[in-house]
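Notes follow the structure.
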Amino acid sequence: MQVLHESTALSKSETTINALCNPVSLNLLWSRKAFADKMKVYGSSFIYMPAFSMKPGTDPSLRAYYALADSSSNLTMLFANPEFLRSVGKFWKARGIHAKRLSTGLFLVSLALGLCDEVTAYGFWPFSVGLDKQPISHHYYDNILPYKWFHAMPEEFIQLWHLHKSGTLRMRVGHCPPQNERS
């Protein structure tokens with residue numbers, strides 16, 4: 001399982017969607033069929049949506065679930081148990097991440113560490129410019145940085161980097177190699 005950027009989603013098995021902001025999920029407001037059609041690009045992946053991490057995410061996440069179920073989609077919708085979300089939040093808070101809410105990526109890395117033998121994390125970079133000094137967006141679907149009080153991206157990055165240095169997981173920073181160069 002990997003946390004990833006949309007550009008790598010076609011070759012991986014896990015994709016996250018922000019139910020509140022993502023243009024694909026917002027398509028549900030106008031057309032369930034259009035939403036299901038746009039989601040076909042993900043093949044038979046698992047789709048994680050934050051149905052229970054924040055109250056405003058519940059309705060769009062459930063609408064997405066039913067739209068995909070009604071269209072006989074090959075996608076599998078995943079929602080985290082609210083108790084798991086609370087436990088993971090407490091775990092990371094005790095380790096120095098002080099934010100109103102952890103990022104979806106950190107929740108999924110936490111889940112992956114409990115389920116998988118190997119974890120590689122993509123897309124964790126708390127800065128507004130990349131290693132090549134070029135501007136980068138926070139999400140793949142917009143160029144808006146997070147509110148400083150909402151997520152603690154630098155703190156998350158530092159904790160994940162410590163896990164990388166200890167060999168617990170692998171972090172990929174910078175650009176991913178072209179598809180034909182991946183193992």
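A note on labels: chains of the structure tokens are A, B, ... as shown, every chain counts residues from 1, and ligands are counted from 1 in their shown order.
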
Item to complete: Looking only at strand (DSSP E) from DSSP on the backbone, list the matching residues of segment 37-172 of chain A as a list in words.
Response: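 Those residues are Phe46, Ile47, Tyr48, Thr76, Met77, Leu78, Thr120, Ala121, Tyr122, Arg170, Met171 and Arg172 of chain A.
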
Worksheet entry | DSSP-assigned alpha helix (DSSP H) members of segment 18-116 of chain A, reported as an MDAnalysis selection string | chainID A and resid 23:26 32:39 55:70 82:93 104:115

Worksheet item: Taking only C-alpha atoms into account, which of A:Ser61, A:Ser53, A:Ser44, A:Ser87 comes nearest Ser73 of chain A?
Response: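 Among the listed residues, the smallest separation from Ser73 of chain A belongs to A:Ser44.
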
Fill in: Spatial neighbours of Phe84 of chain A, 12 Å, only C-alpha atoms, chain gap at least 2 places, as an MDAnalysis selection string
chainID A and resid 52:53 79:82 86:91 107:108 110:111 114

Could you write those residues out with all heavy atoms, as a CSV table (one decimal), in the first residue's frame?
```csv
chain,number,residue,atom,x,y,z
A,52,PHE,N,-15.5,9.7,7.9
A,52,PHE,CA,-15.7,9.9,9.4
A,52,PHE,C,-14.6,10.8,10.1
A,52,PHE,O,-14.6,10.9,11.3
A,52,PHE,CB,-15.9,8.6,10.1
A,52,PHE,CG,-16.9,7.7,9.4
A,52,PHE,CD1,-16.6,6.6,8.7
A,52,PHE,CD2,-18.3,8.1,9.4
A,52,PHE,CE1,-17.5,5.8,8.1
A,52,PHE,CE2,-19.2,7.4,8.7
A,52,PHE,CZ,-18.8,6.2,8.1
A,53,SER,N,-13.7,11.3,9.3
A,53,SER,CA,-12.6,12.1,9.9
A,53,SER,C,-13.1,13.5,10.2
A,53,SER,O,-12.6,14.1,11.2
A,53,SER,CB,-11.4,12.2,9.0
A,53,SER,OG,-11.7,12.8,7.8
A,79,PHE,N,-13.3,3.4,4.1
A,79,PHE,CA,-13.5,4.5,5.2
A,79,PHE,C,-12.8,4.0,6.4
A,79,PHE,O,-12.9,2.8,6.8
A,79,PHE,CB,-15.0,4.7,5.5
A,79,PHE,CG,-15.9,5.0,4.3
A,79,PHE,CD1,-17.1,4.4,4.1
A,79,PHE,CD2,-15.5,6.0,3.4
A,79,PHE,CE1,-17.9,4.7,3.1
A,79,PHE,CE2,-16.3,6.3,2.3
A,79,PHE,CZ,-17.5,5.7,2.2
A,80,ALA,N,-12.2,4.9,7.1
A,80,ALA,CA,-11.5,4.5,8.4
A,80,ALA,C,-12.5,4.5,9.5
A,80,ALA,O,-13.4,5.3,9.6
A,80,ALA,CB,-10.4,5.4,8.7
A,81,ASN,N,-12.3,3.6,10.4
A,81,ASN,CA,-13.1,3.5,11.7
A,81,ASN,C,-12.8,4.8,12.5
A,81,ASN,O,-11.6,5.1,12.7
A,81,ASN,CB,-12.7,2.2,12.4
A,81,ASN,CG,-13.4,2.1,13.7
A,81,ASN,OD1,-13.4,2.9,14.6
A,81,ASN,ND2,-14.1,0.9,13.8
A,82,PRO,N,-13.8,5.5,13.0
A,82,PRO,CA,-13.5,6.7,13.8
A,82,PRO,C,-12.6,6.4,15.0
A,82,PRO,O,-11.8,7.3,15.4
A,82,PRO,CB,-14.9,7.1,14.3
A,82,PRO,CG,-15.8,6.5,13.2
A,82,PRO,CD,-15.2,5.2,12.8
A,86,ARG,N,-9.1,8.4,15.9
A,86,ARG,CA,-8.7,9.0,17.2
A,86,ARG,C,-7.4,8.4,17.7
A,86,ARG,O,-6.6,9.1,18.3
A,86,ARG,CB,-9.9,8.8,18.2
A,86,ARG,CG,-11.0,9.8,18.0
A,86,ARG,CD,-12.0,9.7,19.2
A,86,ARG,NE,-12.8,8.4,19.1
A,86,ARG,CZ,-13.9,8.3,18.3
A,86,ARG,NH1,-14.3,9.2,17.6
A,86,ARG,NH2,-14.5,7.1,18.4
A,87,SER,N,-7.3,7.1,17.7
A,87,SER,CA,-6.1,6.4,18.2
A,87,SER,C,-4.8,6.9,17.5
A,87,SER,O,-3.8,7.1,18.1
A,87,SER,CB,-6.2,4.9,18.1
A,87,SER,OG,-7.2,4.4,18.9
A,88,VAL,N,-4.9,7.0,16.2
A,88,VAL,CA,-3.7,7.4,15.4
A,88,VAL,C,-3.4,8.9,15.7
A,88,VAL,O,-2.2,9.2,15.9
A,88,VAL,CB,-4.0,7.2,13.9
A,88,VAL,CG1,-2.9,7.9,13.1
A,88,VAL,CG2,-4.0,5.8,13.5
A,89,GLY,N,-4.4,9.7,15.9
A,89,GLY,CA,-4.2,11.1,16.3
A,89,GLY,C,-3.5,11.2,17.6
A,89,GLY,O,-2.5,12.0,17.8
A,90,LYS,N,-3.9,10.4,18.6
A,90,LYS,CA,-3.3,10.4,19.9
A,90,LYS,C,-1.8,9.9,19.8
A,90,LYS,O,-0.9,10.5,20.5
A,90,LYS,CB,-4.1,9.6,20.9
A,90,LYS,CG,-5.4,10.2,21.3
A,90,LYS,CD,-6.1,9.2,22.2
A,90,LYS,CE,-7.5,9.8,22.6
A,90,LYS,NZ,-8.3,8.9,23.4
A,91,PHE,N,-1.6,8.9,19.0
A,91,PHE,CA,-0.3,8.3,18.9
A,91,PHE,C,0.7,9.4,18.4
A,91,PHE,O,1.8,9.6,18.9
A,91,PHE,CB,-0.3,7.1,17.9
A,91,PHE,CG,1.0,6.6,17.6
A,91,PHE,CD1,1.6,5.6,18.4
A,91,PHE,CD2,1.7,7.0,16.4
A,91,PHE,CE1,2.9,5.1,18.1
A,91,PHE,CE2,3.0,6.5,16.1
A,91,PHE,CZ,3.6,5.6,16.9
A,107,PHE,N,-2.4,9.4,8.1
A,107,PHE,CA,-3.3,8.4,8.5
A,107,PHE,C,-3.1,7.1,7.7
A,107,PHE,O,-3.0,6.0,8.3
A,107,PHE,CB,-4.8,8.8,8.4
A,107,PHE,CG,-5.3,9.6,9.5
A,107,PHE,CD1,-5.7,10.9,9.3
A,107,PHE,CD2,-5.4,9.1,10.8
A,107,PHE,CE1,-6.2,11.7,10.3
A,107,PHE,CE2,-5.9,9.9,11.8
A,107,PHE,CZ,-6.3,11.2,11.6
A,108,LEU,N,-3.0,7.2,6.4
A,108,LEU,CA,-2.8,6.1,5.6
A,108,LEU,C,-1.4,5.4,5.7
A,108,LEU,O,-1.3,4.2,5.7
A,108,LEU,CB,-3.1,6.4,4.1
A,108,LEU,CG,-4.5,6.7,3.8
A,108,LEU,CD1,-4.7,7.2,2.4
A,108,LEU,CD2,-5.4,5.5,4.1
A,110,SER,N,0.2,5.4,8.5
A,110,SER,CA,0.0,4.7,9.8
A,110,SER,C,-0.7,3.4,9.6
A,110,SER,O,-0.3,2.3,10.2
A,110,SER,CB,-0.8,5.6,10.8
A,110,SER,OG,-0.1,6.8,11.0
A,111,LEU,N,-1.8,3.4,8.8
A,111,LEU,CA,-2.5,2.1,8.5
A,111,LEU,C,-1.6,1.1,7.8
A,111,LEU,O,-1.5,0.0,8.2
A,111,LEU,CB,-3.7,2.4,7.7
A,111,LEU,CG,-4.5,1.2,7.2
A,111,LEU,CD1,-5.1,0.5,8.3
A,111,LEU,CD2,-5.6,1.7,6.2
A,114,GLY,N,0.9,-0.8,9.8
A,114,GLY,CA,0.3,-1.9,10.6
A,114,GLY,C,-0.1,-3.1,9.8
A,114,GLY,O,-0.2,-4.2,10.3
```

Discussion item. To one decimal place in Å, what is the distance between atom CA of Leu75 of chain A and atom CA of Thr58 of chain A?
Written reply: 18.6 Å

Worksheet item: What's the 12 Å shell around segment 165-167 of chain A, counting only C-alpha atoms, without same-chain residues fewer than 6 positions away, as a VMD selection string?
Response: chain A and resid 113 117 to 120 158 to 159

Could those residues be written to a file, using N, CA and C atoms, as a short mmCIF file (atom, residue, chain, number, x, y, z; two decimals), in the first residue's frame?
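Final output, selection-v1.cif:
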```cif
data_model
loop_
_atom_site.label_atom_id
_atom_site.label_comp_id
_atom_site.auth_asym_id
_atom_site.auth_seq_id
_atom_site.Cartn_x
_atom_site.Cartn_y
_atom_site.Cartn_z
N LEU A 113 1.65 0.89 7.81
CA LEU A 113 2.70 0.35 8.69
C LEU A 113 2.17 -0.81 9.54
N ASP A 117 4.23 -5.33 4.90
CA ASP A 117 5.63 -5.66 5.19
C ASP A 117 6.56 -4.54 4.75
N GLU A 118 6.23 -3.87 3.67
CA GLU A 118 7.04 -2.77 3.16
C GLU A 118 6.12 -1.59 2.85
N VAL A 119 6.56 -0.39 3.20
CA VAL A 119 5.79 0.82 2.93
C VAL A 119 6.70 1.84 2.27
N THR A 120 6.26 2.38 1.15
CA THR A 120 6.94 3.47 0.48
C THR A 120 5.96 4.63 0.41
N ILE A 158 9.01 15.43 9.35
CA ILE A 158 10.13 15.08 10.22
C ILE A 158 9.93 13.69 10.83
N GLN A 159 8.72 13.40 11.30
CA GLN A 159 8.46 12.08 11.88
C GLN A 159 8.61 10.98 10.83
#
```

Fill in: Val129 of chain A surroundings by only C-alpha atoms, 12 Å radius, close-in-sequence under 2 positions cut, as a list in words
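Here the qualifying residues turn out to be Trp125, Pro126, Phe127, Leu131, Asp132, Lys133, Gln134, Pro135, Ile136, Ser137, His138, Asn143, Leu145, Val173 and Gly174 of chain A.
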
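Of the listed residues A:Trp30, A:Glu156, A:Arg172, A:Gly57, the one whose atoms come nearest to Ser103 of chain A is A:Glu156, with distances taken using only C-alpha atoms.
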
Response to the item:
Nearest to Tyr42 of chain A, restricted to only C-alpha atoms and choosing among A:Thr168, A:Thr76, A:Ser71, A:Leu85, comes out as A:Thr76

Response to the item:
Across A:Asn74, A:Leu62, A:Ser128, A:Ala69, the smallest distance to Lys40 of chain A, with only C-alpha atoms counted, is shown by A:Asn74

Practice prompt. Please indicate the distance in Å from atom CA of Lys100 of chain A to atom CA of Phe46 of chain A, rounded to one decimal place.
Written response: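 Atom-to-atom, atom CA of Lys100 of chain A and atom CA of Phe46 of chain A are spaced 26.5 Å apart.
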
Worksheet entry | Tyr65 of chain A surroundings by only C-alpha atoms, 12 Å radius, close-in-sequence under 5 positions cut, as a list in words |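 Result of the neighbour search: Ile17, Ala19, Ser25, Leu28, Arg32, Phe35, Ala36, Met39, Phe46, Ile47, Tyr48, Met49, Pro50, Ala51, Thr58, Asp59, Pro60, Asp70, Ser71, Ser72, Ser73, Asn74, Leu75, Thr76, Met77, Leu78 and Phe79 of chain A.
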
Let me see the file: selected residues, N, CA, C and O atoms, as a compact mmCIF listing (two decimals), in the first residue's frame.
```txt
# COMPACT_ATOMS: atom_id res chain seq x y z
N ILE A 17 -8.92 10.48 -1.92
CA ILE A 17 -9.70 11.56 -2.50
C ILE A 17 -10.20 12.43 -1.37
O ILE A 17 -10.80 11.94 -0.41
N ALA A 19 -12.88 14.45 -0.17
CA ALA A 19 -14.30 14.54 -0.53
C ALA A 19 -14.81 15.98 -0.52
O ALA A 19 -15.82 16.28 -1.14
N SER A 25 -14.70 14.49 -7.04
CA SER A 25 -15.79 14.13 -6.12
C SER A 25 -16.88 15.19 -6.10
O SER A 25 -18.04 14.88 -5.88
N LEU A 28 -20.15 14.88 -8.16
CA LEU A 28 -21.34 14.21 -7.62
C LEU A 28 -22.51 15.17 -7.43
O LEU A 28 -23.65 14.75 -7.41
N ARG A 32 -24.05 11.69 -10.97
CA ARG A 32 -23.45 10.47 -10.43
C ARG A 32 -22.76 9.68 -11.54
O ARG A 32 -21.70 9.11 -11.33
N PHE A 35 -19.42 11.24 -12.41
CA PHE A 35 -18.47 10.91 -11.36
C PHE A 35 -17.93 9.49 -11.56
O PHE A 35 -16.72 9.26 -11.57
N ALA A 36 -18.83 8.53 -11.73
CA ALA A 36 -18.42 7.13 -11.90
C ALA A 36 -17.55 6.97 -13.14
O ALA A 36 -16.55 6.23 -13.12
N MET A 39 -14.04 8.21 -12.49
CA MET A 39 -13.32 7.36 -11.56
C MET A 39 -12.79 6.08 -12.23
O MET A 39 -11.95 5.39 -11.67
N PHE A 46 -8.29 0.67 -4.61
CA PHE A 46 -8.98 1.02 -3.38
C PHE A 46 -9.02 2.54 -3.33
O PHE A 46 -8.01 3.18 -3.59
N ILE A 47 -10.16 3.10 -2.98
CA ILE A 47 -10.31 4.54 -2.87
C ILE A 47 -10.64 4.87 -1.42
O ILE A 47 -11.66 4.42 -0.89
N TYR A 48 -9.78 5.65 -0.78
CA TYR A 48 -10.03 6.06 0.60
C TYR A 48 -10.62 7.46 0.59
O TYR A 48 -10.09 8.36 -0.03
N MET A 49 -11.75 7.60 1.28
CA MET A 49 -12.37 8.92 1.45
C MET A 49 -12.61 9.14 2.94
O MET A 49 -12.92 8.20 3.67
N PRO A 50 -12.48 10.38 3.38
CA PRO A 50 -12.57 10.69 4.82
C PRO A 50 -14.00 10.82 5.33
O PRO A 50 -14.41 11.87 5.82
N ALA A 51 -14.76 9.75 5.24
CA ALA A 51 -16.17 9.81 5.61
C ALA A 51 -16.38 10.18 7.07
O ALA A 51 -17.36 10.85 7.40
N THR A 58 -18.68 13.37 5.55
CA THR A 58 -19.52 12.17 5.57
C THR A 58 -20.46 12.10 4.37
O THR A 58 -20.48 11.10 3.64
N ASP A 59 -21.24 13.15 4.14
CA ASP A 59 -22.22 13.11 3.05
C ASP A 59 -21.56 12.92 1.68
O ASP A 59 -21.97 12.02 0.94
N PRO A 60 -20.55 13.72 1.31
CA PRO A 60 -19.95 13.49 -0.02
C PRO A 60 -19.31 12.10 -0.15
O PRO A 60 -19.36 11.50 -1.22
N ASP A 70 -23.71 1.75 -7.33
CA ASP A 70 -24.82 1.68 -8.29
C ASP A 70 -24.34 1.53 -9.73
O ASP A 70 -25.09 1.09 -10.58
N SER A 71 -23.10 1.92 -10.00
CA SER A 71 -22.59 1.85 -11.37
C SER A 71 -21.79 0.57 -11.62
O SER A 71 -21.17 0.42 -12.67
N SER A 72 -21.81 -0.35 -10.65
CA SER A 72 -21.06 -1.62 -10.76
C SER A 72 -19.57 -1.37 -10.99
O SER A 72 -18.92 -2.08 -11.75
N SER A 73 -19.03 -0.37 -10.34
CA SER A 73 -17.63 -0.01 -10.47
C SER A 73 -16.72 -1.12 -9.92
O SER A 73 -17.12 -1.87 -9.03
N ASN A 74 -15.52 -1.20 -10.46
CA ASN A 74 -14.51 -2.14 -9.96
C ASN A 74 -13.73 -1.57 -8.77
O ASN A 74 -12.87 -2.25 -8.22
N LEU A 75 -14.02 -0.34 -8.39
CA LEU A 75 -13.33 0.31 -7.29
C LEU A 75 -13.88 -0.17 -5.95
O LEU A 75 -15.06 -0.49 -5.84
N THR A 76 -13.02 -0.18 -4.95
CA THR A 76 -13.43 -0.52 -3.59
C THR A 76 -13.27 0.71 -2.73
O THR A 76 -12.16 1.22 -2.58
N MET A 77 -14.35 1.20 -2.17
CA MET A 77 -14.33 2.39 -1.32
C MET A 77 -13.95 1.98 0.09
O MET A 77 -14.50 1.02 0.64
N LEU A 78 -13.02 2.71 0.70
CA LEU A 78 -12.58 2.45 2.06
C LEU A 78 -12.86 3.67 2.93
O LEU A 78 -12.61 4.80 2.52
N PHE A 79 -13.35 3.41 4.14
CA PHE A 79 -13.54 4.45 5.16
C PHE A 79 -12.84 3.96 6.42
O PHE A 79 -12.93 2.79 6.76
```
